[in-house]
There are 2 protein chains.
Amino acid sequence: MKAEEYSTKLIEKGLKVTPQRIAVLEAIFELKNHPTAENIIDYIRKNHPNISTATVYKVLEALILSGLIKRVTTERDIMRYDAKLEPHHHLYYSDSDKIVDYSDEELDKMLTDYFKKKKISNFKIEDLKLNIIGKSFNNRK
Amino acid sequence: MKAEEYSTKLIEKGLKVTPQRIAVLEAIFELKNHPTAENIIDYIRKNHPNISTATVYKVLEALILSGLIKRVTTERDIMRYDAKLEPHHHLYYSDSDKIVDYSDEELDKMLTDYFKKKKISNFKIEDLKLNIIGKSFNNRK
DNA sequence: TCCTAAAAGAGAATTATTCTCTCCTGAAAG
DNA sequence: CTTTCAGGAGAGAATAATTCTCTTTTAGGA
């Protein structure tokens with residue numbers, strides 16, 4: 001994706017366009033495996049050595065508030081980020097820190113249908129995310 | 001639950017029984033809303049003022065490894081713990097930090113049936129956890 | 001009762017994240 | 001064209017959660 005496209009995304013959300021914001025957006029879109037803030041900072045510093053960690057954290061916060069990125073839930077005390085906005089679920093590898101996107105419209109339909117019938121008392125569902133925990137068959141990660 | 005029962009749990013897992021371990025176990029079982037380490041430490045200190053934070057963290061780690069408790073996934077950088085071992089899902093309140101257990105055998109059956117038919121390539125499923133995000137209808141939390 | 005490995009304890013160290021305060025920039029107003 | 005002003009960026013300190021290191025204590029079997 002080109003810098004111009006990242007600018008467009010920012011403008012659409014009413015955010016000011018700055019080189020740092022483009023760099024953070026680019027990092028999240030390029031890095032696979034749902035990067036941590038540290039991964040993002042390392043990636044950006046290759047081309048942009050002077051960016052401050054505080055700036056990256058502030059940009060991440062702004063991007064989340066605007067809805068351009070999301071946080072991924074984990075069991076660890078490190079936050080991870082996700083550039084994919086379409087509804088999707090995650091495969092959590094129990095033998096590594098790998099997290100892989102899993103999209104499945106049939107599953108989504110089944111789940112929404114299920115909760116259309118089966119209400120949870122005093123709870124209005126906004127989103128459903130299935131965490132699929134497991135590992136690959138072969139030994140290589 | 002009585003101290004004796006916590007001892008039994010520890011012994012069953014081959015863990016040494018100590019007052020600190022019983023206190024941590026008791027805290028997690030008594031505290032609702034999936035406590036943080038801080039919640040647990042505060043609770044224990046009421047009866048056991050000298051316990052060190054490092055001990056609590058070490059006990060939590062040991063309990064997780066033995067399978068007596070679990071960590072709950074969150075989007076935050078604070079770890080939370082869960083004493084409930086039966087398969088269950090969680091309701092995440094989007095307007096507070098509340099996390100509530102949600103058990104639903106019918107849902108579990110539907111999901112396992114679904115993934116019995118629909119395999120994910122090169123992935124062996126070990127567990128399925130649905131994160132249900134939403135909020136209560138009324139304003140009170 | 002004694003012995004030994006495991007556990008607890010204290011406090012420092014580490015790590016991730018957030019805060020504070022200042023400076024800069026770019027658009028808008030005059 | 002200059003001034004103003006608000007939002008953003010930056011640096012470094014501060015904070016908060018967790019982990020580590022080293023020493024002392026203890027549980028539980030011999």
# chains A, B, ... in the order shown; residues from 1 in each chain; ligands from 1
>>> select_by_dssp(residues="chain A", states="helix (DSSP H, G or I)", output="MDAnalysis selection string")
chainID A and resid 3:12 19:30 37:47 53:66 105:117
>>> write_last_selection(atoms="C-alpha atoms", output="JSON list (two decimals), in the first residue's frame")
[["chain", "number", "residue", "atom", "x", "y", "z"],
["A", 3, "ALA", "CA", 1.68, 6.41, 1.53],
["A", 4, "GLU", "CA", -1.10, 8.17, -0.34],
["A", 5, "GLU", "CA", -3.56, 5.46, 0.60],
["A", 6, "TYR", "CA", -2.67, 5.73, 4.26],
["A", 7, "SER", "CA", -3.23, 9.49, 4.01],
["A", 8, "THR", "CA", -6.66, 8.87, 2.56],
["A", 9, "LYS", "CA", -7.53, 6.60, 5.47],
["A", 10, "LEU", "CA", -6.48, 9.25, 7.95],
["A", 11, "ILE", "CA", -8.37, 12.02, 6.17],
["A", 12, "GLU", "CA", -11.52, 9.90, 6.01],
["A", 19, "PRO", "CA", 4.66, 11.36, 8.58],
["A", 20, "GLN", "CA", 4.58, 9.59, 11.94],
["A", 21, "ARG", "CA", 0.97, 8.56, 11.54],
["A", 22, "ILE", "CA", 1.62, 7.24, 8.07],
["A", 23, "ALA", "CA", 4.63, 5.34, 9.37],
["A", 24, "VAL", "CA", 2.62, 3.71, 12.18],
["A", 25, "LEU", "CA", -0.21, 2.79, 9.84],
["A", 26, "GLU", "CA", 2.22, 1.35, 7.34],
["A", 27, "ALA", "CA", 3.97, -0.70, 10.02],
["A", 28, "ILE", "CA", 0.74, -2.27, 11.20],
["A", 29, "PHE", "CA", -0.38, -3.07, 7.68],
["A", 30, "GLU", "CA", 2.98, -4.52, 6.67],
["A", 37, "ALA", "CA", 4.08, -1.78, 20.05],
["A", 38, "GLU", "CA", 7.71, -2.86, 20.19],
["A", 39, "ASN", "CA", 7.50, -4.59, 16.80],
["A", 40, "ILE", "CA", 5.97, -1.46, 15.35],
["A", 41, "ILE", "CA", 8.62, 0.82, 16.83],
["A", 42, "ASP", "CA", 11.44, -1.39, 15.54],
["A", 43, "TYR", "CA", 9.93, -1.48, 12.08],
["A", 44, "ILE", "CA", 9.43, 2.27, 11.89],
["A", 45, "ARG", "CA", 12.92, 3.07, 13.17],
["A", 46, "LYS", "CA", 14.46, 1.40, 10.13],
["A", 47, "ASN", "CA", 13.31, 4.33, 8.00],
["A", 53, "THR", "CA", 8.01, 5.55, 21.67],
["A", 54, "ALA", "CA", 5.54, 7.97, 23.20],
["A", 55, "THR", "CA", 4.58, 9.17, 19.75],
["A", 56, "VAL", "CA", 3.95, 5.65, 18.54],
["A", 57, "TYR", "CA", 1.77, 4.90, 21.56],
["A", 58, "LYS", "CA", -0.15, 8.13, 21.05],
["A", 59, "VAL", "CA", -0.67, 7.42, 17.37],
["A", 60, "LEU", "CA", -1.84, 3.89, 18.14],
["A", 61, "GLU", "CA", -4.33, 5.28, 20.63],
["A", 62, "ALA", "CA", -5.61, 7.79, 18.08],
["A", 63, "LEU", "CA", -5.94, 5.11, 15.40],
["A", 64, "ILE", "CA", -7.89, 2.86, 17.74],
["A", 65, "LEU", "CA", -10.26, 5.64, 18.77],
["A", 66, "SER", "CA", -10.89, 6.50, 15.13],
["A", 105, "GLU", "CA", -18.86, -16.05, 6.93],
["A", 106, "GLU", "CA", -20.73, -19.28, 7.51],
["A", 107, "LEU", "CA", -19.56, -19.30, 11.12],
["A", 108, "ASP", "CA", -20.51, -15.63, 11.54],
["A", 109, "LYS", "CA", -23.97, -16.32, 10.21],
["A", 110, "MET", "CA", -24.41, -19.32, 12.47],
["A", 111, "LEU", "CA", -23.37, -17.33, 15.53],
["A", 112, "THR", "CA", -25.52, -14.27, 14.80],
["A", 113, "ASP", "CA", -28.51, -16.49, 14.03],
["A", 114, "TYR", "CA", -27.94, -18.33, 17.27],
["A", 115, "PHE", "CA", -27.92, -15.16, 19.35],
["A", 116, "LYS", "CA", -30.89, -13.74, 17.47],
["A", 117, "LYS", "CA", -32.90, -16.58, 18.95]]
>>> closest_atom_pairs(of="chain A", to="chain B", cutoff="6 Å", atoms="only C-alpha atoms", output="CSV")
residue,atom,partner,partner_atom,distance
A:Arg71,CA,B:Glu75,CA,5.9
A:Val72,CA,B:Glu75,CA,5.8
A:Thr73,CA,B:Glu75,CA,4.3
A:Thr74,CA,B:Thr73,CA,4.6
A:Glu75,CA,B:Thr73,CA,4.3
A:Asp77,CA,B:Asp77,CA,4.2
A:Ile78,CA,B:Asp77,CA,5.3
A:Met79,CA,B:Asp77,CA,5.8
A:Asn122,CA,B:Ser136,CA,5.2
A:Phe123,CA,B:Ser136,CA,4.3
A:Lys124,CA,B:Lys135,CA,5.4
A:Ile125,CA,B:Gly134,CA,4.4
A:Glu126,CA,B:Gly134,CA,4.6
A:Asp127,CA,B:Ile133,CA,5.0
A:Leu128,CA,B:Ile132,CA,4.9
A:Lys129,CA,B:Asn131,CA,5.0
A:Leu130,CA,B:Leu130,CA,4.4
A:Asn131,CA,B:Lys129,CA,5.0
A:Ile132,CA,B:Leu128,CA,4.9
A:Ile133,CA,B:Asp127,CA,5.0
A:Gly134,CA,B:Ile125,CA,4.4
A:Lys135,CA,B:Lys124,CA,5.3
A:Ser136,CA,B:Phe123,CA,4.4
A:Phe137,CA,B:Asn122,CA,5.6
>>> closest_atom_pairs(of="chain C", to="chain B", cutoff="12 Å", atoms="only C-alpha atoms (C1' of nucleotides)", output="CSV")
residue,atom,partner,partner_atom,distance
C:DA5,C1',B:Lys16,CA,11.1
C:DA6,C1',B:Lys16,CA,8.0
C:DA7,C1',B:Thr18,CA,8.2
C:DA8,C1',B:Thr55,CA,6.3
C:DG9,C1',B:Ser52,CA,6.3
C:DA10,C1',B:Ser52,CA,7.8
C:DG11,C1',B:Ala54,CA,10.1
C:DA12,C1',B:Ala54,CA,12.0
C:DT15,C1',B:Asp77,CA,11.6
C:DA16,C1',B:Asp77,CA,8.2
C:DT17,C1',B:Asp77,CA,8.5
>>> interface_residues(of="chain D", to="chain B", cutoff="9 Å", atoms="only C-alpha atoms (C1' of nucleotides)", output="PyMOL selection string")
chain D and resi 17-19+26-28
>>> write_last_selection(atoms="N, CA and C atoms (P, O5', C5', C4', C3', O3' and C1' of nucleotides)", output="PDB file, in the first residue's frame")
ATOM      1  P    DA D  17      -0.946  -1.355  38.068  1.00  0.00           P
ATOM      2  O5'  DA D  17      -0.261  -2.608  37.382  1.00  0.00           O
ATOM      3  C5'  DA D  17      -0.376  -2.778  35.979  1.00  0.00           C
ATOM      4  C4'  DA D  17       0.613  -3.832  35.546  1.00  0.00           C
ATOM      5  C3'  DA D  17       0.506  -5.124  36.362  1.00  0.00           C
ATOM      6  O3'  DA D  17       0.326  -6.179  35.438  1.00  0.00           O
ATOM      7  C1'  DA D  17       2.767  -4.332  36.279  1.00  0.00           C
ATOM      8  P    DT D  18       0.201  -7.668  35.939  1.00  0.00           P
ATOM      9  O5'  DT D  18       1.719  -8.131  35.827  1.00  0.00           O
ATOM     10  C5'  DT D  18       2.390  -7.977  34.577  1.00  0.00           C
ATOM     11  C4'  DT D  18       3.843  -8.336  34.735  1.00  0.00           C
ATOM     12  C3'  DT D  18       4.112  -9.718  35.333  1.00  0.00           C
ATOM     13  O3'  DT D  18       4.769 -10.462  34.321  1.00  0.00           O
ATOM     14  C1'  DT D  18       5.552  -8.070  36.252  1.00  0.00           C
ATOM     15  P    DT D  19       5.280 -11.943  34.596  1.00  0.00           P
ATOM     16  O5'  DT D  19       6.819 -11.677  34.980  1.00  0.00           O
ATOM     17  C5'  DT D  19       7.621 -10.966  34.060  1.00  0.00           C
ATOM     18  C4'  DT D  19       9.040 -10.899  34.586  1.00  0.00           C
ATOM     19  C3'  DT D  19       9.613 -12.243  35.027  1.00  0.00           C
ATOM     20  O3'  DT D  19      10.893 -12.328  34.420  1.00  0.00           O
ATOM     21  C1'  DT D  19       9.885 -10.643  36.739  1.00  0.00           C
ATOM     22  P    DT D  26       9.403 -20.220  58.574  1.00  0.00           P
ATOM     23  O5'  DT D  26       8.999 -21.410  57.614  1.00  0.00           O
ATOM     24  C5'  DT D  26       8.376 -21.104  56.364  1.00  0.00           C
ATOM     25  C4'  DT D  26       8.079 -22.402  55.644  1.00  0.00           C
ATOM     26  C3'  DT D  26       7.548 -23.507  56.558  1.00  0.00           C
ATOM     27  O3'  DT D  26       6.483 -24.115  55.877  1.00  0.00           O
ATOM     28  C1'  DT D  26       9.413 -24.296  55.338  1.00  0.00           C
ATOM     29  P    DA D  27       5.353 -24.879  56.678  1.00  0.00           P
ATOM     30  O5'  DA D  27       5.001 -25.997  55.598  1.00  0.00           O
ATOM     31  C5'  DA D  27       4.988 -25.634  54.211  1.00  0.00           C
ATOM     32  C4'  DA D  27       5.232 -26.878  53.379  1.00  0.00           C
ATOM     33  C3'  DA D  27       4.480 -28.114  53.853  1.00  0.00           C
ATOM     34  O3'  DA D  27       4.030 -28.783  52.693  1.00  0.00           O
ATOM     35  C1'  DA D  27       6.837 -28.516  53.937  1.00  0.00           C
ATOM     36  P    DG D  28       3.045 -29.969  52.808  1.00  0.00           P
ATOM     37  O5'  DG D  28       4.048 -31.193  52.743  1.00  0.00           O
ATOM     38  C5'  DG D  28       4.895 -31.340  51.606  1.00  0.00           C
ATOM     39  C4'  DG D  28       5.803 -32.511  51.843  1.00  0.00           C
ATOM     40  C3'  DG D  28       5.115 -33.719  52.483  1.00  0.00           C
ATOM     41  O3'  DG D  28       5.658 -34.871  51.883  1.00  0.00           O
ATOM     42  C1'  DG D  28       6.926 -33.075  53.797  1.00  0.00           C
TER      43       DG D  28
END
>>> select_by_dssp(residues="chain A", states="strand (DSSP E)", output="list of chain:residue names")
A:Lys70, A:Arg71, A:Val72, A:Arg80, A:Tyr81, A:Asp82, A:His89, A:His90, A:Leu91, A:Tyr92, A:Tyr93, A:Ile99, A:Val100, A:Asp101, A:Tyr102, A:Lys124, A:Ile125, A:Glu126, A:Asp127, A:Leu128, A:Lys129, A:Leu130, A:Asn131, A:Ile132, A:Ile133, A:Gly134, A:Lys135
>>> atom_distance(atom1="atom CA of A:Met1", atom2="atom CA of A:Asp101")
19.3 Å
